[in-house]
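Asker: What follows is the file run.cif, containing mmCIF, C-alpha atoms and all ligand atoms; chains and numbers go by the auth columns:
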```cif
data_upload
loop_
_atom_site.group_PDB
_atom_site.id
_atom_site.type_symbol
_atom_site.label_atom_id
_atom_site.label_comp_id
_atom_site.label_asym_id
_atom_site.label_seq_id
_atom_site.Cartn_x
_atom_site.Cartn_y
_atom_site.Cartn_z
_atom_site.B_iso_or_equiv
_atom_site.auth_seq_id
_atom_site.auth_asym_id
ATOM 1 C CA MET A 1 0.000 0.000 0.000 0.00 1 A
ATOM 2 C CA PHE A 2 2.809 2.353 0.966 0.00 2 A
ATOM 3 C CA HIS A 3 4.510 1.707 -2.381 0.00 3 A
ATOM 4 C CA LEU A 4 1.307 2.314 -4.290 0.00 4 A
ATOM 5 C CA VAL A 5 0.680 5.615 -2.530 0.00 5 A
ATOM 6 C CA LYS A 6 4.315 6.615 -2.897 0.00 6 A
ATOM 7 C CA GLY A 7 4.226 5.700 -6.594 0.00 7 A
ATOM 8 C CA LEU A 8 1.130 7.811 -7.153 0.00 8 A
ATOM 9 C CA TYR A 9 2.663 10.654 -5.150 0.00 9 A
ATOM 10 C CA ASP A 10 5.917 10.528 -7.133 0.00 10 A
ATOM 11 C CA ASN A 11 4.079 10.416 -10.419 0.00 11 A
ATOM 12 C CA TYR A 12 1.887 13.336 -9.421 0.00 12 A
ATOM 13 C CA ASN A 13 4.930 15.374 -8.495 0.00 13 A
ATOM 14 C CA LYS A 14 6.903 14.653 -11.619 0.00 14 A
ATOM 15 C CA ARG A 15 7.326 17.512 -14.027 0.00 15 A
ATOM 16 C CA GLU A 16 6.150 17.243 -17.587 0.00 16 A
ATOM 17 C CA GLU A 17 8.818 18.080 -20.129 0.00 17 A
ATOM 18 C CA TYR A 18 7.871 18.963 -23.701 0.00 18 A
ATOM 19 C CA SER A 19 10.263 19.594 -26.594 0.00 19 A
ATOM 20 C CA ILE A 20 9.658 22.541 -28.886 0.00 20 A
ATOM 21 C CA LEU A 21 11.583 23.122 -32.120 0.00 21 A
ATOM 22 C CA LEU A 22 12.372 26.676 -33.214 0.00 22 A
ATOM 23 C CA LEU A 23 12.538 26.667 -36.997 0.00 23 A
ATOM 24 C CA GLY A 24 12.723 29.395 -39.637 0.00 24 A
ATOM 25 C CA LEU A 25 15.089 30.888 -42.181 0.00 25 A
ATOM 26 C CA GLU A 26 18.439 32.361 -41.158 0.00 26 A
ATOM 27 C CA ASN A 27 18.136 35.772 -39.504 0.00 27 A
ATOM 28 C CA SER A 28 14.462 35.222 -38.607 0.00 28 A
ATOM 29 C CA GLY A 29 15.354 35.657 -34.929 0.00 29 A
ATOM 30 C CA LYS A 30 15.222 32.155 -33.422 0.00 30 A
ATOM 31 C CA THR A 31 18.223 32.511 -31.108 0.00 31 A
ATOM 32 C CA THR A 32 17.127 35.980 -30.000 0.00 32 A
ATOM 33 C CA PHE A 33 13.661 34.549 -29.242 0.00 33 A
ATOM 34 C CA LEU A 34 15.182 31.719 -27.192 0.00 34 A
ATOM 35 C CA GLU A 35 17.290 34.188 -25.213 0.00 35 A
ATOM 36 C CA LYS A 36 14.179 36.264 -24.496 0.00 36 A
ATOM 37 C CA LEU A 37 12.373 33.152 -23.224 0.00 37 A
ATOM 38 C CA LYS A 38 15.297 32.351 -20.919 0.00 38 A
ATOM 39 C CA GLU A 39 15.224 35.914 -19.633 0.00 39 A
ATOM 40 C CA LEU A 40 11.446 36.004 -19.070 0.00 40 A
ATOM 41 C CA TYR A 41 11.232 32.607 -17.402 0.00 41 A
ATOM 42 C CA VAL A 42 14.446 32.732 -15.385 0.00 42 A
ATOM 43 C CA ASP A 43 14.319 30.509 -12.317 0.00 43 A
ATOM 44 C CA LYS A 44 14.071 32.228 -8.921 0.00 44 A
ATOM 45 C CA ASN A 45 17.374 30.662 -7.853 0.00 45 A
ATOM 46 C CA GLN A 46 19.255 31.688 -10.964 0.00 46 A
ATOM 47 C CA THR A 47 20.207 34.887 -12.715 0.00 47 A
ATOM 48 C CA TYR A 48 19.932 35.371 -16.440 0.00 48 A
ATOM 49 C CA LYS A 49 23.127 36.370 -18.227 0.00 49 A
ATOM 50 C CA LYS A 50 22.461 38.026 -21.521 0.00 50 A
ATOM 51 C CA PRO A 51 24.970 37.063 -24.256 0.00 51 A
ATOM 52 C CA LYS A 52 27.037 39.996 -25.518 0.00 52 A
ATOM 53 C CA ARG A 53 26.400 39.057 -29.141 0.00 53 A
ATOM 54 C CA ILE A 54 24.246 36.531 -30.907 0.00 54 A
ATOM 55 C CA LEU A 55 26.034 34.923 -33.839 0.00 55 A
ATOM 56 C CA PRO A 56 24.358 32.920 -36.624 0.00 56 A
ATOM 57 C CA THR A 57 23.742 29.424 -35.309 0.00 57 A
ATOM 58 C CA VAL A 58 25.736 26.547 -36.731 0.00 58 A
ATOM 59 C CA GLY A 59 24.199 23.405 -35.307 0.00 59 A
ATOM 60 C CA GLN A 60 21.885 23.904 -32.358 0.00 60 A
ATOM 61 C CA ASN A 61 21.264 25.654 -29.056 0.00 61 A
ATOM 62 C CA VAL A 62 19.167 24.096 -26.345 0.00 62 A
ATOM 63 C CA GLY A 63 17.357 26.089 -23.692 0.00 63 A
ATOM 64 C CA HIS A 64 15.424 24.839 -20.673 0.00 64 A
ATOM 65 C CA VAL A 65 12.448 26.871 -19.565 0.00 65 A
ATOM 66 C CA LYS A 66 10.512 26.216 -16.363 0.00 66 A
ATOM 67 C CA TYR A 67 7.097 27.297 -17.547 0.00 67 A
ATOM 68 C CA ASP A 68 5.218 26.693 -14.286 0.00 68 A
ATOM 69 C CA ALA A 69 5.152 24.306 -11.327 0.00 69 A
ATOM 70 C CA LYS A 70 4.219 21.383 -13.563 0.00 70 A
ATOM 71 C CA VAL A 71 5.563 22.070 -17.047 0.00 71 A
ATOM 72 C CA SER A 72 9.144 22.345 -18.317 0.00 72 A
ATOM 73 C CA LEU A 73 10.068 23.095 -21.877 0.00 73 A
ATOM 74 C CA LYS A 74 13.137 21.930 -23.732 0.00 74 A
ATOM 75 C CA ILE A 75 13.617 24.362 -26.572 0.00 75 A
ATOM 76 C CA TRP A 76 15.723 23.406 -29.570 0.00 76 A
ATOM 77 C CA ASP A 77 16.970 26.380 -31.575 0.00 77 A
ATOM 78 C CA LEU A 78 18.228 25.041 -34.892 0.00 78 A
ATOM 79 C CA ALA A 79 20.377 26.671 -37.569 0.00 79 A
ATOM 80 C CA GLY A 80 18.380 28.384 -40.302 0.00 80 A
ATOM 81 C CA GLN A 81 20.940 28.806 -43.099 0.00 81 A
ATOM 82 C CA ALA A 82 19.860 27.011 -46.271 0.00 82 A
ATOM 83 C CA GLU A 83 22.714 24.508 -46.247 0.00 83 A
ATOM 84 C CA LEU A 84 22.024 23.597 -42.613 0.00 84 A
ATOM 85 C CA ARG A 85 18.231 23.147 -42.828 0.00 85 A
ATOM 86 C CA GLY A 86 18.663 19.498 -43.769 0.00 86 A
ATOM 87 C CA MET A 87 19.329 18.859 -40.068 0.00 87 A
ATOM 88 C CA TRP A 88 15.849 19.896 -38.987 0.00 88 A
ATOM 89 C CA GLU A 89 14.248 16.565 -39.812 0.00 89 A
ATOM 90 C CA ARG A 90 16.546 14.773 -37.367 0.00 90 A
ATOM 91 C CA TYR A 91 14.703 16.540 -34.556 0.00 91 A
ATOM 92 C CA PHE A 92 11.135 15.837 -35.697 0.00 92 A
ATOM 93 C CA GLU A 93 11.110 12.629 -33.716 0.00 93 A
ATOM 94 C CA VAL A 94 11.467 14.454 -30.375 0.00 94 A
ATOM 95 C CA ALA A 95 9.155 17.394 -31.152 0.00 95 A
ATOM 96 C CA HIS A 96 5.949 17.998 -29.223 0.00 96 A
ATOM 97 C CA GLY A 97 5.429 21.372 -30.908 0.00 97 A
ATOM 98 C CA ILE A 98 6.930 23.588 -33.600 0.00 98 A
ATOM 99 C CA ILE A 99 7.444 27.337 -33.609 0.00 99 A
ATOM 100 C CA PHE A 100 8.261 28.692 -37.066 0.00 100 A
ATOM 101 C CA LEU A 101 9.616 32.246 -37.074 0.00 101 A
ATOM 102 C CA VAL A 102 9.244 34.683 -39.950 0.00 102 A
ATOM 103 C CA ASP A 103 11.202 37.937 -40.277 0.00 103 A
ATOM 104 C CA SER A 104 8.375 40.458 -40.706 0.00 104 A
ATOM 105 C CA GLY A 105 10.912 42.995 -41.911 0.00 105 A
ATOM 106 C CA ASP A 106 11.896 40.982 -44.965 0.00 106 A
ATOM 107 C CA ARG A 107 9.170 40.686 -47.583 0.00 107 A
ATOM 108 C CA SER A 108 11.625 39.171 -50.081 0.00 108 A
ATOM 109 C CA LYS A 109 11.909 35.983 -48.008 0.00 109 A
ATOM 110 C CA LEU A 110 8.199 35.118 -47.850 0.00 110 A
ATOM 111 C CA GLU A 111 8.272 32.721 -50.794 0.00 111 A
ATOM 112 C CA GLU A 112 11.257 30.873 -49.322 0.00 112 A
ATOM 113 C CA CYS A 113 9.423 30.690 -45.981 0.00 113 A
ATOM 114 C CA LYS A 114 6.461 29.083 -47.702 0.00 114 A
ATOM 115 C CA GLU A 115 8.664 26.513 -49.413 0.00 115 A
ATOM 116 C CA GLU A 116 10.348 25.540 -46.154 0.00 116 A
ATOM 117 C CA LEU A 117 7.050 25.254 -44.378 0.00 117 A
ATOM 118 C CA MET A 118 5.734 23.031 -47.161 0.00 118 A
ATOM 119 C CA LYS A 119 8.745 20.753 -46.798 0.00 119 A
ATOM 120 C CA ILE A 120 8.123 20.423 -43.074 0.00 120 A
ATOM 121 C CA LEU A 121 4.427 19.717 -43.413 0.00 121 A
ATOM 122 C CA ASN A 122 4.554 17.614 -46.494 0.00 122 A
ATOM 123 C CA PRO A 123 7.885 15.818 -46.769 0.00 123 A
ATOM 124 C CA ASP A 124 8.839 14.100 -49.979 0.00 124 A
ATOM 125 C CA GLU A 125 6.480 11.165 -50.197 0.00 125 A
ATOM 126 C CA LEU A 126 9.341 9.034 -51.406 0.00 126 A
ATOM 127 C CA ILE A 127 10.848 9.311 -47.956 0.00 127 A
ATOM 128 C CA ASN A 128 9.030 6.505 -46.284 0.00 128 A
ATOM 129 C CA ASP A 129 10.782 6.984 -43.012 0.00 129 A
ATOM 130 C CA GLU A 130 8.328 7.620 -40.183 0.00 130 A
ATOM 131 C CA GLU A 131 10.979 9.238 -38.003 0.00 131 A
ATOM 132 C CA LYS A 132 11.571 11.936 -40.581 0.00 132 A
ATOM 133 C CA GLN A 133 7.927 12.919 -40.679 0.00 133 A
ATOM 134 C CA ILE A 134 6.326 15.196 -38.187 0.00 134 A
ATOM 135 C CA ASP A 135 3.627 13.668 -36.050 0.00 135 A
ATOM 136 C CA LYS A 136 0.324 14.837 -37.478 0.00 136 A
ATOM 137 C CA SER A 137 -1.070 15.859 -34.113 0.00 137 A
ATOM 138 C CA ILE A 138 1.534 18.372 -33.039 0.00 138 A
ATOM 139 C CA PRO A 139 0.704 22.093 -32.834 0.00 139 A
ATOM 140 C CA ILE A 140 2.418 24.548 -35.177 0.00 140 A
ATOM 141 C CA LEU A 141 2.771 28.186 -34.257 0.00 141 A
ATOM 142 C CA MET A 142 3.988 30.677 -36.803 0.00 142 A
ATOM 143 C CA LEU A 143 5.451 33.890 -35.396 0.00 143 A
ATOM 144 C CA ALA A 144 5.463 37.146 -37.309 0.00 144 A
ATOM 145 C CA ASN A 145 8.665 38.252 -35.598 0.00 145 A
ATOM 146 C CA LYS A 146 10.350 41.695 -35.520 0.00 146 A
ATOM 147 C CA GLN A 147 7.049 43.550 -35.150 0.00 147 A
ATOM 148 C CA ASP A 148 9.066 46.414 -33.621 0.00 148 A
ATOM 149 C CA LEU A 149 10.519 47.282 -37.045 0.00 149 A
ATOM 150 C CA GLU A 150 8.930 50.295 -38.643 0.00 150 A
ATOM 151 C CA ASN A 151 8.128 48.693 -41.992 0.00 151 A
ATOM 152 C CA HIS A 152 7.053 45.307 -40.713 0.00 152 A
ATOM 153 C CA LEU A 153 4.661 42.971 -42.472 0.00 153 A
ATOM 154 C CA GLU A 154 1.355 42.560 -40.671 0.00 154 A
ATOM 155 C CA VAL A 155 0.090 39.250 -39.336 0.00 155 A
ATOM 156 C CA GLU A 156 -2.436 39.234 -42.191 0.00 156 A
ATOM 157 C CA ASP A 157 0.402 39.230 -44.762 0.00 157 A
ATOM 158 C CA ILE A 158 2.111 36.352 -43.003 0.00 158 A
ATOM 159 C CA LYS A 159 -1.177 34.468 -42.730 0.00 159 A
ATOM 160 C CA GLU A 160 -1.239 34.324 -46.500 0.00 160 A
ATOM 161 C CA ILE A 161 1.678 31.921 -46.411 0.00 161 A
ATOM 162 C CA PHE A 162 -0.253 29.781 -44.010 0.00 162 A
ATOM 163 C CA ASN A 163 -3.318 29.891 -46.244 0.00 163 A
ATOM 164 C CA LYS A 164 -1.245 28.699 -49.164 0.00 164 A
ATOM 165 C CA VAL A 165 -0.011 25.702 -47.232 0.00 165 A
ATOM 166 C CA ALA A 166 -3.292 25.154 -45.387 0.00 166 A
ATOM 167 C CA GLU A 167 -4.199 22.100 -47.426 0.00 167 A
ATOM 168 C CA HIS A 168 -1.084 20.438 -46.022 0.00 168 A
ATOM 169 C CA LEU A 169 -1.902 21.385 -42.477 0.00 169 A
ATOM 170 C CA ASN A 170 -4.676 18.787 -42.252 0.00 170 A
ATOM 171 C CA ALA A 171 -6.337 19.054 -38.908 0.00 171 A
ATOM 172 C CA ARG A 172 -3.240 20.443 -37.213 0.00 172 A
ATOM 173 C CA ASP A 173 -3.637 22.980 -34.497 0.00 173 A
ATOM 174 C CA SER A 174 -2.020 26.092 -35.935 0.00 174 A
ATOM 175 C CA ARG A 175 -1.934 29.843 -35.490 0.00 175 A
ATOM 176 C CA VAL A 176 -0.061 32.986 -36.532 0.00 176 A
ATOM 177 C CA LEU A 177 0.856 35.480 -33.780 0.00 177 A
ATOM 178 C CA PRO A 178 2.791 38.773 -33.806 0.00 178 A
ATOM 179 C CA VAL A 179 5.918 39.088 -31.617 0.00 179 A
ATOM 180 C CA SER A 180 9.117 40.977 -31.116 0.00 180 A
ATOM 181 C CA GLY A 181 11.677 38.520 -29.800 0.00 181 A
ATOM 182 C CA LEU A 182 14.061 41.400 -29.294 0.00 182 A
ATOM 183 C CA LYS A 183 11.775 43.553 -27.163 0.00 183 A
ATOM 184 C CA GLY A 184 9.705 40.705 -25.733 0.00 184 A
ATOM 185 C CA ASP A 185 6.295 41.892 -26.945 0.00 185 A
ATOM 186 C CA GLY A 186 3.906 38.976 -27.428 0.00 186 A
ATOM 187 C CA VAL A 187 6.498 36.386 -26.398 0.00 187 A
ATOM 188 C CA LYS A 188 4.703 35.167 -23.264 0.00 188 A
ATOM 189 C CA GLU A 189 1.369 35.054 -25.094 0.00 189 A
ATOM 190 C CA ALA A 190 2.955 32.973 -27.850 0.00 190 A
ATOM 191 C CA LEU A 191 4.372 30.482 -25.360 0.00 191 A
ATOM 192 C CA GLU A 192 1.040 30.290 -23.548 0.00 192 A
ATOM 193 C CA TRP A 193 -0.729 29.417 -26.807 0.00 193 A
ATOM 194 C CA MET A 194 1.774 26.625 -27.345 0.00 194 A
ATOM 195 C CA VAL A 195 1.652 25.171 -23.826 0.00 195 A
ATOM 196 C CA VAL A 196 -2.162 24.951 -23.851 0.00 196 A
ATOM 197 C CA ARG A 197 -1.907 22.881 -27.073 0.00 197 A
ATOM 198 C CA LEU A 198 0.935 20.702 -25.791 0.00 198 A
ATOM 199 C CA GLU A 199 -1.146 19.757 -22.764 0.00 199 A
ATOM 200 C CA ARG A 200 -4.217 19.189 -24.877 0.00 200 A
ATOM 201 C CA ASN A 201 -2.281 16.875 -27.176 0.00 201 A
ATOM 202 C CA LYS A 202 -0.806 14.893 -24.284 0.00 202 A
ATOM 203 C CA SER A 203 -2.604 11.670 -25.148 0.00 203 A
ATOM 204 C CA ASN A 204 -1.112 11.672 -28.676 0.00 204 A
ATOM 205 C CA ARG A 205 2.330 13.025 -27.751 0.00 205 A
ATOM 206 C CA PRO A 206 3.011 12.260 -24.110 0.00 206 A
ATOM 207 C CA PRO A 207 5.629 14.441 -22.410 0.00 207 A
ATOM 208 C CA ASN A 208 8.724 13.072 -20.758 0.00 208 A
ATOM 209 C CA TYR A 209 8.282 12.849 -16.991 0.00 209 A
ATOM 210 C CA LYS A 210 11.203 14.127 -14.931 0.00 210 A
HETATM 211 N N1 LIG B . 14.337 44.513 -34.760 0.00 301 B
HETATM 212 C C1 LIG B . 14.399 43.232 -34.408 0.00 301 B
HETATM 213 N N2 LIG B . 15.491 42.514 -34.675 0.00 301 B
HETATM 214 C C2 LIG B . 15.508 41.209 -34.297 0.00 301 B
HETATM 215 C C3 LIG B . 14.427 40.597 -33.624 0.00 301 B
HETATM 216 N N3 LIG B . 14.742 39.314 -33.378 0.00 301 B
HETATM 217 C C4 LIG B . 15.989 39.140 -33.877 0.00 301 B
HETATM 218 N N4 LIG B . 16.457 40.276 -34.426 0.00 301 B
HETATM 219 C C5 LIG B . 17.768 40.485 -35.064 0.00 301 B
HETATM 220 O O1 LIG B . 17.861 39.640 -36.201 0.00 301 B
HETATM 221 C C6 LIG B . 19.200 39.181 -36.357 0.00 301 B
HETATM 222 C C7 LIG B . 19.222 37.670 -36.414 0.00 301 B
HETATM 223 O O2 LIG B . 18.811 37.154 -35.165 0.00 301 B
HETATM 224 P P1 LIG B . 19.145 35.642 -34.727 0.00 301 B
HETATM 225 O O3 LIG B . 18.412 35.433 -33.442 0.00 301 B
HETATM 226 O O4 LIG B . 20.590 35.376 -34.749 0.00 301 B
HETATM 227 O O5 LIG B . 18.462 34.837 -35.926 0.00 301 B
HETATM 228 P P2 LIG B . 18.419 33.252 -36.157 0.00 301 B
HETATM 229 O O6 LIG B . 17.080 32.915 -36.682 0.00 301 B
HETATM 230 O O7 LIG B . 18.828 32.548 -34.912 0.00 301 B
HETATM 231 O O8 LIG B . 19.510 33.035 -37.302 0.00 301 B
HETATM 232 P P3 LIG B . 20.323 31.665 -37.635 0.00 301 B
HETATM 233 O O9 LIG B . 20.961 31.217 -36.381 0.00 301 B
HETATM 234 O O10 LIG B . 21.314 32.030 -38.698 0.00 301 B
HETATM 235 O O11 LIG B . 19.327 30.680 -38.159 0.00 301 B
HETATM 236 C C8 LIG B . 19.988 39.772 -35.170 0.00 301 B
HETATM 237 O O12 LIG B . 20.621 40.949 -35.614 0.00 301 B
HETATM 238 C C9 LIG B . 18.912 40.082 -34.145 0.00 301 B
HETATM 239 O O13 LIG B . 19.239 41.153 -33.288 0.00 301 B
HETATM 240 C C10 LIG B . 13.263 41.410 -33.351 0.00 301 B
HETATM 241 O O14 LIG B . 12.256 40.970 -32.770 0.00 301 B
HETATM 242 N N5 LIG B . 13.318 42.702 -33.768 0.00 301 B
HETATM 243 MG MG MG B . 20.383 31.321 -34.453 0.00 302 B
#
```
When written as structure tokens, how does the structure in this file appear?
Answerer:
Amino acid sequence: MFHLVKGLYDNYNKREEYSILLLGLENSGKTTFLEKLKELYVDKNQTYKKPKRILPTVGQNVGHVKYDAKVSLKIWDLAGQAELRGMWERYFEVAHGIIFLVDSGDRSKLEECKEELMKILNPDELINDEEKQIDKSIPILMLANKQDLENHLEVEDIKEIFNKVAEHLNARDSRVLPVSGLKGDGVKEALEWMVVRLERNKSNRPPNYK
């Protein structure tokens, strides 16, 4: 009986850990967004040390965010340069959610954004490797980043990309939200949207318990 109660107690007290991938073209602001998350959700016992400079990512950065008493997030910030995007699919297997960032200050990149998003949602059908495909149930959040820039694209403009790929979204939970990863505007709201979906999708994509 003691063991049963202790087991239930331990299980109840375990934290849920979800993995989120930050994807998007180079310069879209993924690493800056991750740093802002670390700053906003810094643990009471720790201090946040802002990096002096953020260089283009080659490979990956991983950040741990304690969202609340129950939920932890493991955030994978992957390199966005064209020749490094091939690595993204290696992480699909661990993903509970995807955040795709768009540079709202760069209209010329919208078409490329659409193509990358299509590849993520609808991988080459010849690749019959389940691990390289994204689980159909996971939520996808698109961020219209750099909203602080004077000549930024509006969410409506960015939504057009989503509309064009909508047929590949199936029944996925998806949304477009405006943020400034640099200033922090909209960042908490964006994460909240994601965490609600991660919890809702728990039966399809169970978290890791820590
Ligand atoms: N104005 C503005 N600039 C931003 C914002 N977010 C990022 N930047 C700038 O955009 C540039 C690229 O930011 P990164 O965070 O390195 O972009 P990234 O997506 O990680 O790029 P890769 O690692 O090459 O894939 C930097 O100069 C950032 O300061 C934002 O919200 N507003
Ligand atoms: Mg980066």
Asker: Counting all atoms listed in the file, which residues in chain A sit no more than 8 Å from ligand LIG 301 (chain B)? For each one, give the nearest pair of atoms and the distance in Å, sorted by chain then residue number, as JSON lines.
Answerer:
```
{"residue": "A:Leu23", "atom": "CA", "partner": "B:LIG301", "partner_atom": "O6", "distance": 7.7}
{"residue": "A:Gly24", "atom": "CA", "partner": "B:LIG301", "partner_atom": "O6", "distance": 6.3}
{"residue": "A:Leu25", "atom": "CA", "partner": "B:LIG301", "partner_atom": "O11", "distance": 5.8}
{"residue": "A:Glu26", "atom": "CA", "partner": "B:LIG301", "partner_atom": "O11", "distance": 3.6}
{"residue": "A:Asn27", "atom": "CA", "partner": "B:LIG301", "partner_atom": "O5", "distance": 3.7}
{"residue": "A:Ser28", "atom": "CA", "partner": "B:LIG301", "partner_atom": "O6", "distance": 4.0}
{"residue": "A:Gly29", "atom": "CA", "partner": "B:LIG301", "partner_atom": "O5", "distance": 3.4}
{"residue": "A:Lys30", "atom": "CA", "partner": "B:LIG301", "partner_atom": "O6", "distance": 3.8}
{"residue": "A:Thr31", "atom": "CA", "partner": "B:LIG301", "partner_atom": "O3", "distance": 3.7}
{"residue": "A:Thr32", "atom": "CA", "partner": "B:LIG301", "partner_atom": "O3", "distance": 3.7}
{"residue": "A:Phe33", "atom": "CA", "partner": "B:LIG301", "partner_atom": "N3", "distance": 6.4}
{"residue": "A:Leu34", "atom": "CA", "partner": "B:LIG301", "partner_atom": "O3", "distance": 8.0}
{"residue": "A:Ile54", "atom": "CA", "partner": "B:LIG301", "partner_atom": "O4", "distance": 5.4}
{"residue": "A:Leu55", "atom": "CA", "partner": "B:LIG301", "partner_atom": "O4", "distance": 5.5}
{"residue": "A:Pro56", "atom": "CA", "partner": "B:LIG301", "partner_atom": "O10", "distance": 3.8}
{"residue": "A:Thr57", "atom": "CA", "partner": "B:LIG301", "partner_atom": "O9", "distance": 3.5}
{"residue": "A:Val58", "atom": "CA", "partner": "B:LIG301", "partner_atom": "O9", "distance": 6.7}
{"residue": "A:Asp77", "atom": "CA", "partner": "B:LIG301", "partner_atom": "O7", "distance": 7.3}
{"residue": "A:Leu78", "atom": "CA", "partner": "B:LIG301", "partner_atom": "O11", "distance": 6.6}
{"residue": "A:Ala79", "atom": "CA", "partner": "B:LIG301", "partner_atom": "O11", "distance": 4.2}
{"residue": "A:Gly80", "atom": "CA", "partner": "B:LIG301", "partner_atom": "O11", "distance": 3.3}
{"residue": "A:Gln81", "atom": "CA", "partner": "B:LIG301", "partner_atom": "O10", "distance": 5.5}
{"residue": "A:Leu101", "atom": "CA", "partner": "B:LIG301", "partner_atom": "O6", "distance": 7.5}
{"residue": "A:Asp103", "atom": "CA", "partner": "B:LIG301", "partner_atom": "C3", "distance": 7.9}
{"residue": "A:Asn145", "atom": "CA", "partner": "B:LIG301", "partner_atom": "O14", "distance": 5.3}
{"residue": "A:Lys146", "atom": "CA", "partner": "B:LIG301", "partner_atom": "O14", "distance": 3.4}
{"residue": "A:Gln147", "atom": "CA", "partner": "B:LIG301", "partner_atom": "O14", "distance": 6.3}
{"residue": "A:Asp148", "atom": "CA", "partner": "B:LIG301", "partner_atom": "N5", "distance": 5.6}
{"residue": "A:Leu149", "atom": "CA", "partner": "B:LIG301", "partner_atom": "N1", "distance": 5.2}
{"residue": "A:Val179", "atom": "CA", "partner": "B:LIG301", "partner_atom": "O14", "distance": 6.7}
{"residue": "A:Ser180", "atom": "CA", "partner": "B:LIG301", "partner_atom": "O14", "distance": 3.5}
{"residue": "A:Gly181", "atom": "CA", "partner": "B:LIG301", "partner_atom": "O14", "distance": 3.9}
{"residue": "A:Leu182", "atom": "CA", "partner": "B:LIG301", "partner_atom": "O14", "distance": 3.9}
{"residue": "A:Lys183", "atom": "CA", "partner": "B:LIG301", "partner_atom": "O14", "distance": 6.2}
{"residue": "A:Gly184", "atom": "CA", "partner": "B:LIG301", "partner_atom": "O14", "distance": 7.5}
```
Asker: Could you check how far CA of Asn151 in chain A sits from CA of Lys188 in chain A, in Å to one decimal?
Answerer: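 Rounded to one decimal, the two atoms are 23.4 Å apart.
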Asker: For Glu112 in chain A, which residue among A:Tyr91, A:Met142, A:Glu39, A:Ile161 is the nearest when counting only C-alpha atoms?
Answerer: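 That would be A:Ile161, the residue with the smallest distance to Glu112 in chain A.
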Asker: For Ile140 in chain A, which residue out of A:Ile99, A:Cys113, A:Val65, A:Leu153 is the nearest one, using all atoms listed in the file?
Answerer: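 Ranking A:Ile99, A:Cys113, A:Val65, A:Leu153 by distance to Ile140 in chain A, first place goes to A:Ile99.
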Asker: For Lys14 in chain A, which residue out of A:Arg107, A:Lys164, A:Lys70, A:Arg172 is the nearest one, using all atoms listed in the file?
Answerer: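 Of A:Arg107, A:Lys164, A:Lys70, A:Arg172, the one nearest Lys14 in chain A, counting all atoms listed in the file, is A:Lys70.
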Asker: By how many Å are CA of Val176 in chain A and CA of Lys119 in chain A apart?
Answerer: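 Separation of CA of Val176 in chain A and CA of Lys119 in chain A: 18.2 Å.
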Asker: From the set A:Ala190, A:Ile20, A:Leu121, A:Ile158, which residue has the shortest atom-to-atom contact distance to Ser72 in chain A, counting all atoms listed in the file?
Answerer: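 Closest to Ser72 in chain A of all the choices is A:Ile20.
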Asker: Could you check how far CA of Glu154 in chain A sits from CA of Lys109 in chain A, in Å to one decimal?
Answerer: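 Those two atoms sit 14.4 Å apart.
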Asker: Give me the result of the PyMOL selection byres (((chain A and resi 118) around 12) and not hetatm) on this file, residue by residue, as an NGL selection string.
Answerer: :A and (100 or 111-117 or 119-124 or 134 or 161-169)
Asker: Give me the residues of range 10-69 of chain A that have any atom at most 8 Å from an atom of range 192-208 of chain A; for each, the nearest atom pair and the distance in Å, rounded to one decimal. Use only C-alpha atoms, sort by chain and number, and format it as CSV.
Answerer:
```
residue,atom,partner,partner_atom,distance
A:Glu16,CA,A:Pro207,CA,5.6
A:Glu17,CA,A:Asn208,CA,5.0
A:Tyr18,CA,A:Pro207,CA,5.2
```
Asker: Rank nothing, just name the residue among A:Lys66, A:Met87, A:Gly59, A:Leu141 nearest to ligand MG 302 (chain B), using all atoms listed in the file.
Answerer: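 Result for the nearest residue to ligand MG 302 (chain B): A:Gly59.
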Asker: I need the residue nearest ligand MG 302 (chain B) from this list: A:Asn45, A:Gln60, A:Asn13, A:Ser104. Use all atoms listed in the file for the distance.
Answerer: A:Gln60
